[in-house]
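Colleague: This is the content of final_2.cif (mmCIF, C-alpha atoms and all ligand atoms):
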data_model
#
loop_
_atom_site.label_atom_id
_atom_site.label_comp_id
_atom_site.auth_asym_id
_atom_site.auth_seq_id
_atom_site.Cartn_x
_atom_site.Cartn_y
_atom_site.Cartn_z
CA MET A 8 152.81 -32.97 101.29
CA HIS A 9 154.71 -32.93 98.02
CA ILE A 10 158.17 -33.98 99.15
CA ARG A 11 160.22 -34.79 96.10
CA ILE A 12 163.56 -36.51 96.07
CA LYS A 13 165.10 -36.34 92.60
CA LYS A 14 166.32 -39.62 91.16
CA PRO A 15 167.68 -40.50 87.70
CA SER A 16 164.52 -42.52 87.08
CA ASP A 17 162.33 -39.43 87.60
CA PRO A 18 160.14 -38.48 84.68
CA LYS A 19 161.90 -35.73 82.77
CA SER A 20 160.12 -32.47 82.34
CA PHE A 21 160.40 -30.81 78.97
CA GLU A 22 162.92 -28.17 78.15
CA ILE A 23 162.49 -25.47 80.64
CA THR A 24 161.37 -21.87 80.40
CA PRO A 25 163.48 -19.60 82.53
CA GLU A 26 161.29 -18.50 85.39
CA THR A 27 161.87 -14.82 84.59
CA THR A 28 160.30 -15.32 81.17
CA TYR A 29 157.04 -16.30 82.75
CA TRP A 30 157.10 -13.72 85.50
CA SER A 31 157.28 -10.93 82.97
CA ARG A 32 153.76 -11.10 81.63
CA ARG A 33 154.39 -8.94 78.62
CA GLU A 34 157.39 -10.96 77.64
CA TRP A 35 155.62 -14.29 77.72
CA LEU A 36 152.63 -12.97 75.87
CA GLU A 37 155.01 -11.87 73.13
CA LYS A 38 156.74 -15.25 73.17
CA ALA A 39 153.37 -16.90 72.76
CA GLY A 40 152.75 -14.65 69.75
CA LEU A 41 150.17 -12.47 71.46
CA GLY A 42 150.46 -8.76 71.99
CA MET A 43 148.27 -7.08 74.59
CA ALA A 44 145.67 -6.61 71.85
CA GLY A 45 145.74 -10.31 71.10
CA LEU A 46 144.78 -11.14 74.66
CA ALA A 47 141.13 -10.29 74.07
CA VAL A 48 140.80 -13.03 71.46
CA ALA A 49 143.39 -15.40 72.82
CA THR A 50 142.02 -18.54 71.25
CA LEU A 51 145.12 -19.69 69.41
CA GLY A 52 143.90 -18.66 66.02
CA ALA A 53 140.99 -21.07 65.85
CA PRO A 54 138.77 -20.12 62.91
CA ALA A 55 135.85 -19.71 65.27
CA ALA A 56 137.72 -17.19 67.38
CA ALA A 57 136.32 -13.98 65.97
CA GLN A 58 132.79 -15.23 66.11
CA GLU A 59 133.05 -16.78 69.52
CA SER A 60 134.94 -13.94 71.15
CA VAL A 61 131.70 -12.02 71.54
CA SER A 62 129.95 -14.72 73.56
CA PRO A 63 128.99 -13.62 77.09
CA TRP A 64 130.90 -16.52 78.56
CA ARG A 65 134.09 -15.70 76.70
CA SER A 66 134.04 -12.02 77.62
CA MET A 67 133.37 -12.96 81.25
CA LEU A 68 136.28 -15.39 81.16
CA GLN A 69 138.59 -12.80 79.61
CA ASP A 70 137.63 -10.30 82.33
CA LYS A 71 138.32 -12.80 85.07
CA LEU A 72 141.61 -13.88 83.48
CA GLY A 73 142.67 -10.24 83.48
CA SER A 74 142.72 -10.10 87.28
CA VAL A 75 144.19 -13.48 88.17
CA GLN A 76 146.79 -13.50 90.92
CA ARG A 77 150.04 -15.11 89.84
CA GLY A 78 150.60 -18.57 91.31
CA ILE A 79 153.72 -19.51 93.21
CA ILE A 80 156.26 -21.65 91.40
CA PRO A 81 157.72 -24.13 93.91
CA ALA A 82 161.43 -23.44 94.41
CA ASP A 83 162.50 -26.77 92.90
CA GLU A 84 160.27 -26.56 89.82
CA THR A 85 160.52 -24.85 86.43
CA LEU A 86 157.58 -24.31 84.14
CA THR A 87 157.11 -26.48 81.07
CA PRO A 88 156.87 -24.20 78.00
CA PHE A 89 153.42 -23.29 76.72
CA GLU A 90 154.21 -24.94 73.38
CA ASP A 91 154.72 -28.33 75.03
CA VAL A 92 151.72 -28.03 77.34
CA THR A 93 149.48 -27.33 74.34
CA ARG A 94 151.02 -29.56 71.65
CA TYR A 95 151.81 -32.82 73.43
CA ASN A 96 148.51 -34.07 74.80
CA ASN A 97 146.47 -37.07 75.77
CA PHE A 98 142.88 -36.57 74.67
CA TYR A 99 141.57 -39.73 73.04
CA GLU A 100 138.41 -38.02 71.79
CA PHE A 101 140.71 -36.31 69.26
CA GLY A 102 142.86 -39.40 68.58
CA THR A 103 145.52 -41.39 70.38
CA GLY A 104 148.63 -39.66 69.00
CA LYS A 105 150.25 -36.95 71.12
CA ASN A 106 149.79 -34.40 68.31
CA ASP A 107 146.27 -35.48 67.39
CA PRO A 108 144.56 -33.27 69.98
CA VAL A 109 146.16 -30.02 68.77
CA LEU A 110 145.70 -30.94 65.09
CA ASN A 111 142.13 -32.26 65.33
CA SER A 112 140.73 -29.61 67.66
CA ARG A 113 141.24 -26.54 65.49
CA ASP A 114 137.53 -26.16 64.78
CA PHE A 115 136.35 -27.22 68.22
CA ARG A 116 133.61 -24.94 69.49
CA VAL A 117 132.75 -24.50 73.09
CA ASP A 118 129.58 -22.39 72.91
CA PRO A 119 126.96 -23.50 73.64
CA TRP A 120 128.00 -25.65 76.55
CA SER A 121 126.20 -26.72 79.68
CA ILE A 122 127.01 -28.81 82.71
CA ASP A 123 124.42 -31.07 84.33
CA ILE A 124 124.51 -31.44 88.10
CA THR A 125 122.72 -34.65 89.01
CA GLY A 126 122.48 -37.62 91.36
CA ALA A 127 122.49 -37.27 95.15
CA VAL A 128 121.73 -33.54 95.27
CA LYS A 129 118.74 -31.69 96.72
CA ARG A 130 117.63 -30.71 93.23
CA PRO A 131 119.32 -31.58 89.92
CA PHE A 132 120.02 -28.61 87.66
CA THR A 133 121.87 -27.51 84.55
CA LEU A 134 124.39 -24.69 84.39
CA GLN A 135 125.12 -22.83 81.20
CA LEU A 136 128.80 -22.04 80.95
CA GLU A 137 128.31 -18.41 81.90
CA GLU A 138 126.33 -19.22 85.08
CA PHE A 139 128.84 -21.92 85.87
CA LEU A 140 131.71 -19.43 85.88
CA LYS A 141 130.00 -16.29 87.18
CA PRO A 142 130.38 -16.53 91.00
CA HIS A 143 133.98 -17.73 90.98
CA ALA A 144 137.15 -15.67 91.18
CA LEU A 145 139.96 -17.34 89.26
CA GLU A 146 143.35 -18.18 90.69
CA GLU A 147 146.53 -19.56 89.21
CA ARG A 148 148.09 -22.71 90.63
CA VAL A 149 151.36 -24.20 89.47
CA TYR A 150 151.11 -27.98 89.66
CA ARG A 151 153.38 -30.76 88.51
CA PHE A 152 151.23 -32.96 86.41
CA ARG A 153 152.23 -36.60 85.92
CA CYS A 154 151.00 -39.07 83.35
CA VAL A 155 151.30 -42.80 84.04
CA GLU A 156 153.28 -42.94 80.77
CA ALA A 157 156.17 -41.46 82.82
CA TRP A 158 156.27 -37.93 81.48
CA SER A 159 155.39 -34.90 83.52
CA MET A 160 154.89 -31.18 83.09
CA VAL A 161 154.85 -28.22 85.44
CA VAL A 162 151.87 -26.13 84.43
CA PRO A 163 150.34 -22.83 85.58
CA TRP A 164 146.65 -23.75 85.57
CA VAL A 165 143.93 -21.17 86.11
CA GLY A 166 140.69 -22.10 87.79
CA PHE A 167 138.80 -22.23 91.05
CA PRO A 168 138.45 -24.81 93.82
CA LEU A 169 135.99 -27.57 92.96
CA LYS A 170 134.70 -27.32 96.54
CA ASP A 171 133.20 -23.91 95.72
CA LEU A 172 131.19 -25.47 92.91
CA ILE A 173 130.19 -28.40 95.12
CA ALA A 174 128.84 -25.92 97.66
CA ARG A 175 126.48 -24.64 94.94
CA CYS A 176 125.32 -28.19 94.14
CA ASP A 177 123.79 -28.95 97.56
CA PRO A 178 124.83 -32.62 97.74
CA LEU A 179 122.80 -34.83 100.08
CA GLY A 180 124.39 -36.14 103.27
CA SER A 181 124.44 -39.59 101.67
CA ALA A 182 126.72 -38.47 98.78
CA LYS A 183 130.17 -40.04 99.06
CA TYR A 184 131.58 -39.73 95.52
CA VAL A 185 131.59 -37.34 92.59
CA ARG A 186 131.50 -38.66 89.05
CA PHE A 187 132.46 -36.59 85.99
CA GLU A 188 131.66 -37.14 82.33
CA THR A 189 133.18 -35.73 79.14
CA LEU A 190 131.00 -34.59 76.23
CA VAL A 191 130.00 -37.21 73.65
CA ASP A 192 129.65 -35.56 70.25
CA PRO A 193 131.33 -37.14 67.20
CA SER A 194 130.82 -33.91 65.27
CA ARG A 195 133.17 -32.19 67.69
CA PHE A 196 135.31 -35.15 68.78
CA PRO A 197 136.30 -36.99 65.57
CA ALA A 198 137.66 -40.09 67.33
CA GLN A 199 134.18 -40.74 68.74
CA GLY A 200 132.94 -41.28 65.19
CA PHE A 201 131.50 -44.59 64.06
CA GLY A 202 134.19 -47.21 63.58
CA ARG A 203 136.91 -44.97 65.00
CA SER A 204 136.38 -45.49 68.71
CA THR A 205 139.29 -46.61 70.84
CA ILE A 206 137.81 -46.49 74.32
CA PRO A 207 134.16 -46.48 75.39
CA TRP A 208 132.56 -43.03 75.59
CA PRO A 209 131.91 -41.00 77.54
CA TYR A 210 135.23 -40.71 79.31
CA VAL A 211 134.32 -41.00 83.00
CA GLU A 212 136.29 -40.14 86.10
CA GLY A 213 135.51 -39.86 89.78
CA LEU A 214 136.71 -38.74 93.16
CA ARG A 215 135.74 -39.52 96.70
CA LEU A 216 133.83 -36.51 98.01
CA ASP A 217 136.49 -35.55 100.56
CA GLU A 218 139.14 -35.53 97.78
CA ALA A 219 136.84 -33.45 95.62
CA MET A 220 136.44 -31.02 98.54
CA HIS A 221 140.19 -30.65 99.05
CA PRO A 222 141.24 -27.03 98.48
CA LEU A 223 143.93 -28.07 95.96
CA THR A 224 141.39 -29.80 93.69
CA LEU A 225 140.63 -27.40 90.85
CA MET A 226 138.11 -26.80 88.13
CA VAL A 227 140.42 -25.49 85.41
CA VAL A 228 139.32 -22.99 82.76
CA GLY A 229 142.69 -21.54 81.75
CA VAL A 230 146.37 -22.15 81.36
CA TYR A 231 149.31 -19.72 81.19
CA GLY A 232 146.90 -16.87 81.88
CA LYS A 233 144.77 -17.69 78.83
CA GLU A 234 141.59 -19.51 78.00
CA LEU A 235 142.04 -23.29 78.14
CA PRO A 236 142.75 -24.53 74.60
CA ALA A 237 140.52 -27.31 73.24
CA GLN A 238 143.35 -29.83 73.33
CA ASN A 239 143.75 -29.26 77.07
CA GLY A 240 140.07 -29.83 77.82
CA ALA A 241 138.08 -26.68 77.05
CA PRO A 242 135.93 -25.28 78.44
CA VAL A 243 136.48 -26.92 81.82
CA ARG A 244 138.57 -29.80 83.11
CA LEU A 245 139.50 -31.23 86.46
CA MET A 246 142.97 -31.02 88.05
CA VAL A 247 143.98 -33.04 91.09
CA PRO A 248 147.69 -32.42 91.72
CA TRP A 249 148.37 -35.56 93.75
CA LYS A 250 146.84 -37.95 91.24
CA TYR A 251 147.97 -39.25 87.86
CA GLY A 252 146.94 -37.33 84.77
CA PHE A 253 144.19 -39.65 83.60
CA LYS A 254 142.10 -38.62 86.65
CA SER A 255 141.98 -35.04 85.38
CA ILE A 256 139.08 -35.43 83.00
CA LYS A 257 138.61 -32.88 80.23
CA SER A 258 135.64 -31.09 78.63
CA ILE A 259 133.20 -31.89 81.42
CA VAL A 260 129.42 -31.86 80.75
CA ARG A 261 128.08 -33.76 83.74
CA ILE A 262 128.83 -33.90 87.45
CA GLU A 263 126.99 -36.56 89.40
CA PHE A 264 127.00 -37.18 93.14
CA SER A 265 126.63 -40.78 94.29
CA GLU A 266 126.68 -43.05 97.29
CA ARG A 267 128.68 -45.75 95.48
CA GLN A 268 132.12 -45.51 93.94
CA PRO A 269 131.58 -44.82 90.23
CA ALA A 270 133.03 -47.07 87.52
CA THR A 271 135.65 -44.98 85.73
CA THR A 272 137.01 -45.40 82.21
CA TRP A 273 140.57 -46.54 82.82
CA GLN A 274 139.74 -48.53 85.90
CA ARG A 275 137.27 -50.50 83.77
CA LEU A 276 139.75 -51.02 80.93
CA ALA A 277 142.84 -51.88 82.98
CA SER A 278 142.19 -51.85 86.69
CA SER A 279 145.65 -53.17 87.60
CA GLU A 280 147.42 -50.17 86.04
CA TYR A 281 144.79 -47.53 86.68
CA GLY A 282 143.14 -47.79 90.07
CA PHE A 283 140.29 -45.56 91.16
CA TYR A 284 142.53 -43.63 93.56
CA ALA A 285 145.67 -43.37 91.38
CA ASN A 286 147.63 -41.28 93.84
CA VAL A 287 151.12 -40.46 92.62
CA ASN A 288 153.61 -42.72 94.33
CA PRO A 289 156.28 -40.44 95.80
CA GLU A 290 158.88 -43.19 95.19
N1 LIG A 301 138.10 -36.71 78.31
C1 LIG A 301 139.38 -37.05 78.45
N2 LIG A 301 140.07 -36.57 79.52
C2 LIG A 301 141.38 -36.90 79.67
C3 LIG A 301 142.04 -37.78 78.76
C4 LIG A 301 141.28 -38.25 77.63
O1 LIG A 301 141.76 -39.00 76.77
N3 LIG A 301 139.97 -37.85 77.52
N4 LIG A 301 143.36 -38.14 78.96
C5 LIG A 301 143.84 -38.04 80.35
C6 LIG A 301 145.28 -38.27 80.46
S1 LIG A 301 145.83 -39.88 80.34
C7 LIG A 301 146.16 -37.26 80.73
S2 LIG A 301 147.81 -37.56 81.01
C8 LIG A 301 145.70 -35.85 80.78
C9 LIG A 301 146.50 -35.01 79.77
O2 LIG A 301 146.21 -33.65 79.95
P1 LIG A 301 146.99 -32.56 79.07
O3 LIG A 301 146.81 -32.96 77.63
O4 LIG A 301 146.37 -31.24 79.40
O5 LIG A 301 148.44 -32.63 79.46
O6 LIG A 301 144.31 -35.69 80.48
C10 LIG A 301 143.47 -36.71 81.00
N5 LIG A 301 142.08 -36.38 80.74
MO MO A 302 147.95 -39.87 81.22
#
Show this structure as structure tokens.
Modeller:
Amino acid sequence: MHIRIKKPSDPKSFEITPETTYWSRREWLEKAGLGMAGLAVATLGAPAAAQESVSPWRSMLQDKLGSVQRGIIPADETLTPFEDVTRYNNFYEFGTGKNDPVLNSRDFRVDPWSIDITGAVKRPFTLQLEEFLKPHALEERVYRFRCVEAWSMVVPWVGFPLKDLIARCDPLGSAKYVRFETLVDPSRFPAQGFGRSTIPWPYVEGLRLDEAMHPLTLMVVGVYGKELPAQNGAPVRLMVPWKYGFKSIKSIVRIEFSERQPATTWQRLASSEYGFYANVNPE
């Protein structure tokens, strides 16, 4: 898979970070304004950082991030700088502008957070963030991430295969699809506030079960070796490298197994541009 023939019409990646900059961990931490000491509270200076850094989930995440294996950067790819990955975002819950997510998520708090596992499973249950993360070793994967708006980024995501979570969910034999939902909470997502909505909430996405079980499909909890910033979908988002960006739903609170293909947000709003499958067209 992933055969790319470069053409002038290709989406341009942002200015590139020399690969050596990323491979030297110390160097990129310094570039990102974090010394080794800063790593323990690497939450991008959010006011809640000091308070939240003591949460069991955050200390568990920091521990796991400390032993992540470096991902492999494909020979023909260069990483998009951290600054672009975290400052140019699509996250309508924070507003429709590309800078809205970073600006409007400064006070976003993750704890407490739980994820409901429901639908066609042996027994529905709820996972607190800490239990959700506990059994999984984290790995880094460098994926090219494409938005239908014709920009793309090459990003070192940190997470674990969704299939390992699905194994914990005990889906019934009849389950054919997985549906994901983003949190609805206008106190945390300002653009969900009364009179300010742009799209119907919650943001919903879905995958066919076999796609969800693919080893490349990730539950992402970090980026560039650090905790996932709010604007990128904290505390957990999906990443499916062969699908357009809108499939990779952020800030997930509910995972539901179903027999029928779920109705997803963009497919409902504009099904001709955003199909359920939305596989990246290699042409
Ligand atoms: N909940 C939610 N998830 C979302 C979106 C959104 O608006 N809300 N935007 C999607 C789109 S269109 C893209 S391109 C990616 C952007 O991810 P990034 O900001 O980490 O680059 O998130 C996707 N996931
Ligand atoms: Mo997108």
Colleague: Within 6 Å of ligand LIG 301 (chain A), which residues show up when you count only C-alpha atoms and all ligand atoms? List them as a count of residues only, please.
Modeller: 14
Colleague: List the neighbours of range 218-226 of chain A out to 8 Å using all atoms listed in the file; skip same-chain residues closer than 2 positions along the sequence, and give me the result as a ChimeraX atom specification.
Modeller: /A:166-170,173,185,214-216,228,243-248
Colleague: Let's have the selection written as a tab-separated table (two decimals), in the frame of the given file, with C-alpha atoms.
Modeller:
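Okay, again35.tsv is ready:
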chain	number	residue	atom	x	y	z
A	166	GLY	CA	140.69	-22.10	87.79
A	167	PHE	CA	138.80	-22.23	91.05
A	168	PRO	CA	138.45	-24.81	93.82
A	169	LEU	CA	135.99	-27.57	92.96
A	170	LYS	CA	134.70	-27.32	96.54
A	173	ILE	CA	130.19	-28.40	95.12
A	185	VAL	CA	131.59	-37.34	92.59
A	214	LEU	CA	136.71	-38.74	93.16
A	215	ARG	CA	135.74	-39.52	96.70
A	216	LEU	CA	133.83	-36.51	98.01
A	228	VAL	CA	139.32	-22.99	82.76
A	243	VAL	CA	136.48	-26.92	81.82
A	244	ARG	CA	138.57	-29.80	83.11
A	245	LEU	CA	139.50	-31.23	86.46
A	246	MET	CA	142.97	-31.02	88.05
A	247	VAL	CA	143.98	-33.04	91.09
A	248	PRO	CA	147.69	-32.42	91.72
Colleague: Hey, which of A:Ser66, A:Asn288, A:Arg151, A:Leu110 ends up closest to Pro81 in chain A? Count all atoms listed in the file.
Modeller: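 Closest to Pro81 in chain A, using all atoms listed in the file: A:Arg151.
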Colleague: Do a neighbour search on range 271-287 of chain A at 6 Å with only C-alpha atoms, toss out local chain neighbours closer than 6 positions, and write the hits as a list of chain:residue names.
Modeller: A:Tyr210, A:Val211, A:Glu212, A:Trp249, A:Lys250, A:Tyr251
Colleague: Would you list the residues near (143.4, -25.9, 72.7), meaning any protein, DNA or RNA residue with an atom at most 10 Å from that point in file coordinates, counting all atoms listed in the file, as a PyMOL selection string?
Modeller: chain A and resi 50-53+92-94+96+108-115+230+234-242
Colleague: Find the distance between CA of Tyr150 in chain A and CA of Val162 in chain A and write it in Å to one decimal.
Modeller: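 Between CA of Tyr150 in chain A and CA of Val162 in chain A the gap works out to 5.6 Å.
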Colleague: Measuring atom to atom with all atoms listed in the file, identify which of A:Ser74, A:Thr87, A:Ser62, A:Ser159 is nearest to ligand MO 302 (chain A).
Modeller: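 The closest residue to ligand MO 302 (chain A) is A:Ser159.
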Colleague: Using all atoms listed in the file, can you tell me which of A:Arg130, A:Arg175, A:Lys71, A:Lys254 comes closest to ligand MO 302 (chain A)?
Modeller: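 Closest candidate: A:Lys254.
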Colleague: From the set A:Ile206, A:Val128, A:Met160, A:Val260, which residue has the shortest atom-to-atom contact distance to Cys176 in chain A, counting all atoms listed in the file?
Modeller: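 Smallest distance to Cys176 in chain A is found for A:Val128.
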Colleague: Rounded to one decimal in Å, what is the spacing between CA of Asp107 in chain A and CA of Glu188 in chain A?
Modeller: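 Separation of CA of Asp107 in chain A and CA of Glu188 in chain A: 21.0 Å.
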Colleague: I need the residue nearest Thr205 in chain A from this list: A:Gly126, A:Gly229, A:Gly102, A:Pro131. Use only C-alpha atoms for the distance.
Modeller: A:Gly102
Colleague: What does the distance between CA of Phe264 in chain A and CA of Leu172 in chain A come to in Å, to one decimal place?
Modeller: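 Separating CA of Phe264 in chain A from CA of Leu172 in chain A is a distance of 12.4 Å.
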Colleague: Select all residues near (123.1, -29.0, 85.1) (cut-off 10 Å, inclusive, file coordinates), counting only C-alpha atoms, and output them as a list in words.
Modeller: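 Result, sorted by chain then residue number: Ser121, Ile122, Asp123, Ile124, Thr125, Arg130, Pro131, Phe132, Thr133, Leu134, Gln135, Leu136, Phe139, Cys176, Val260, Arg261, Ile262 and Glu263 of chain A.
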Colleague: Just checking: using all atoms listed in the file, which residue out of A:Ala127, A:Val155, A:Val61, A:Ile80 ends up closest to ligand MO 302 (chain A)?
Modeller: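 When distances to ligand MO 302 (chain A) are compared using all atoms listed in the file, the smallest one comes from A:Val155.
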Colleague: Which residues come within 7 Å of Arg148 in chain A, counting all atoms listed in the file, excluding same-chain residues fewer than 6 positions away, as an MDAnalysis selection string?
Modeller: chainID A and resid 78:79 163:165
Colleague: Take range 70-92 of chain A, bring it up to N, CA, C and O atoms, and give me the output as a tab-separated table (two decimals), in the frame of the given file.
Modeller:
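Result file part-v6.tsv:
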chain	number	residue	atom	x	y	z
A	70	ASP	N	137.61	-11.25	81.20
A	70	ASP	CA	137.63	-10.30	82.33
A	70	ASP	C	138.27	-10.92	83.55
A	70	ASP	O	139.13	-10.34	84.20
A	71	LYS	N	137.82	-12.12	83.87
A	71	LYS	CA	138.32	-12.80	85.07
A	71	LYS	C	139.80	-13.14	84.92
A	71	LYS	O	140.57	-13.04	85.88
A	72	LEU	N	140.20	-13.54	83.72
A	72	LEU	CA	141.61	-13.88	83.48
A	72	LEU	C	142.50	-12.65	83.66
A	72	LEU	O	143.65	-12.75	84.07
A	73	GLY	N	141.91	-11.47	83.37
A	73	GLY	CA	142.67	-10.24	83.48
A	73	GLY	C	143.06	-9.88	84.91
A	73	GLY	O	143.97	-9.08	85.12
A	74	SER	N	142.39	-10.47	85.90
A	74	SER	CA	142.72	-10.10	87.28
A	74	SER	C	143.18	-11.30	88.12
A	74	SER	O	143.03	-11.31	89.33
A	75	VAL	N	143.71	-12.29	87.45
A	75	VAL	CA	144.19	-13.48	88.17
A	75	VAL	C	145.48	-13.15	88.91
A	75	VAL	O	146.37	-12.51	88.38
A	76	GLN	N	145.56	-13.61	90.15
A	76	GLN	CA	146.79	-13.50	90.92
A	76	GLN	C	147.78	-14.56	90.41
A	76	GLN	O	147.41	-15.70	90.21
A	77	ARG	N	149.01	-14.14	90.22
A	77	ARG	CA	150.04	-15.11	89.84
A	77	ARG	C	150.19	-16.22	90.87
A	77	ARG	O	150.16	-15.95	92.07
A	78	GLY	N	150.35	-17.45	90.40
A	78	GLY	CA	150.60	-18.57	91.31
A	78	GLY	C	152.05	-18.60	91.74
A	78	GLY	O	152.89	-17.91	91.16
A	79	ILE	N	152.34	-19.40	92.73
A	79	ILE	CA	153.72	-19.51	93.21
A	79	ILE	C	154.37	-20.74	92.57
A	79	ILE	O	153.80	-21.83	92.58
A	80	ILE	N	155.53	-20.52	91.98
A	80	ILE	CA	156.26	-21.65	91.40
A	80	ILE	C	157.12	-22.25	92.51
A	80	ILE	O	157.97	-21.56	93.07
A	81	PRO	N	156.90	-23.52	92.86
A	81	PRO	CA	157.72	-24.13	93.91
A	81	PRO	C	159.21	-23.99	93.58
A	81	PRO	O	159.59	-24.05	92.41
A	82	ALA	N	160.01	-23.77	94.60
A	82	ALA	CA	161.43	-23.44	94.41
A	82	ALA	C	162.17	-24.48	93.55
A	82	ALA	O	163.07	-24.13	92.80
A	83	ASP	N	161.77	-25.74	93.63
A	83	ASP	CA	162.50	-26.77	92.90
A	83	ASP	C	161.88	-27.11	91.55
A	83	ASP	O	162.21	-28.10	90.93
A	84	GLU	N	160.96	-26.27	91.09
A	84	GLU	CA	160.27	-26.56	89.82
A	84	GLU	C	160.52	-25.47	88.79
A	84	GLU	O	160.76	-24.31	89.13
A	85	THR	N	160.46	-25.83	87.51
A	85	THR	CA	160.52	-24.85	86.43
A	85	THR	C	159.36	-25.16	85.50
A	85	THR	O	159.03	-26.33	85.28
A	86	LEU	N	158.77	-24.12	84.97
A	86	LEU	CA	157.58	-24.31	84.14
A	86	LEU	C	157.91	-25.00	82.82
A	86	LEU	O	158.93	-24.71	82.19
A	87	THR	N	157.04	-25.87	82.39
A	87	THR	CA	157.11	-26.48	81.07
A	87	THR	C	156.61	-25.43	80.07
A	87	THR	O	155.58	-24.80	80.32
A	88	PRO	N	157.31	-25.23	78.94
A	88	PRO	CA	156.87	-24.20	78.00
A	88	PRO	C	155.44	-24.41	77.50
A	88	PRO	O	155.00	-25.54	77.32
A	89	PHE	N	154.78	-23.31	77.25
A	89	PHE	CA	153.42	-23.29	76.72
A	89	PHE	C	153.27	-24.21	75.50
A	89	PHE	O	152.30	-24.94	75.36
A	90	GLU	N	154.26	-24.15	74.61
A	90	GLU	CA	154.21	-24.94	73.38
A	90	GLU	C	154.10	-26.44	73.68
A	90	GLU	O	153.40	-27.16	72.96
A	91	ASP	N	154.78	-26.91	74.70
A	91	ASP	CA	154.72	-28.33	75.03
A	91	ASP	C	153.41	-28.68	75.73
A	91	ASP	O	152.81	-29.73	75.47
A	92	VAL	N	152.97	-27.79	76.61
A	92	VAL	CA	151.72	-28.03	77.34
A	92	VAL	C	150.55	-28.13	76.37
A	92	VAL	O	149.60	-28.89	76.61
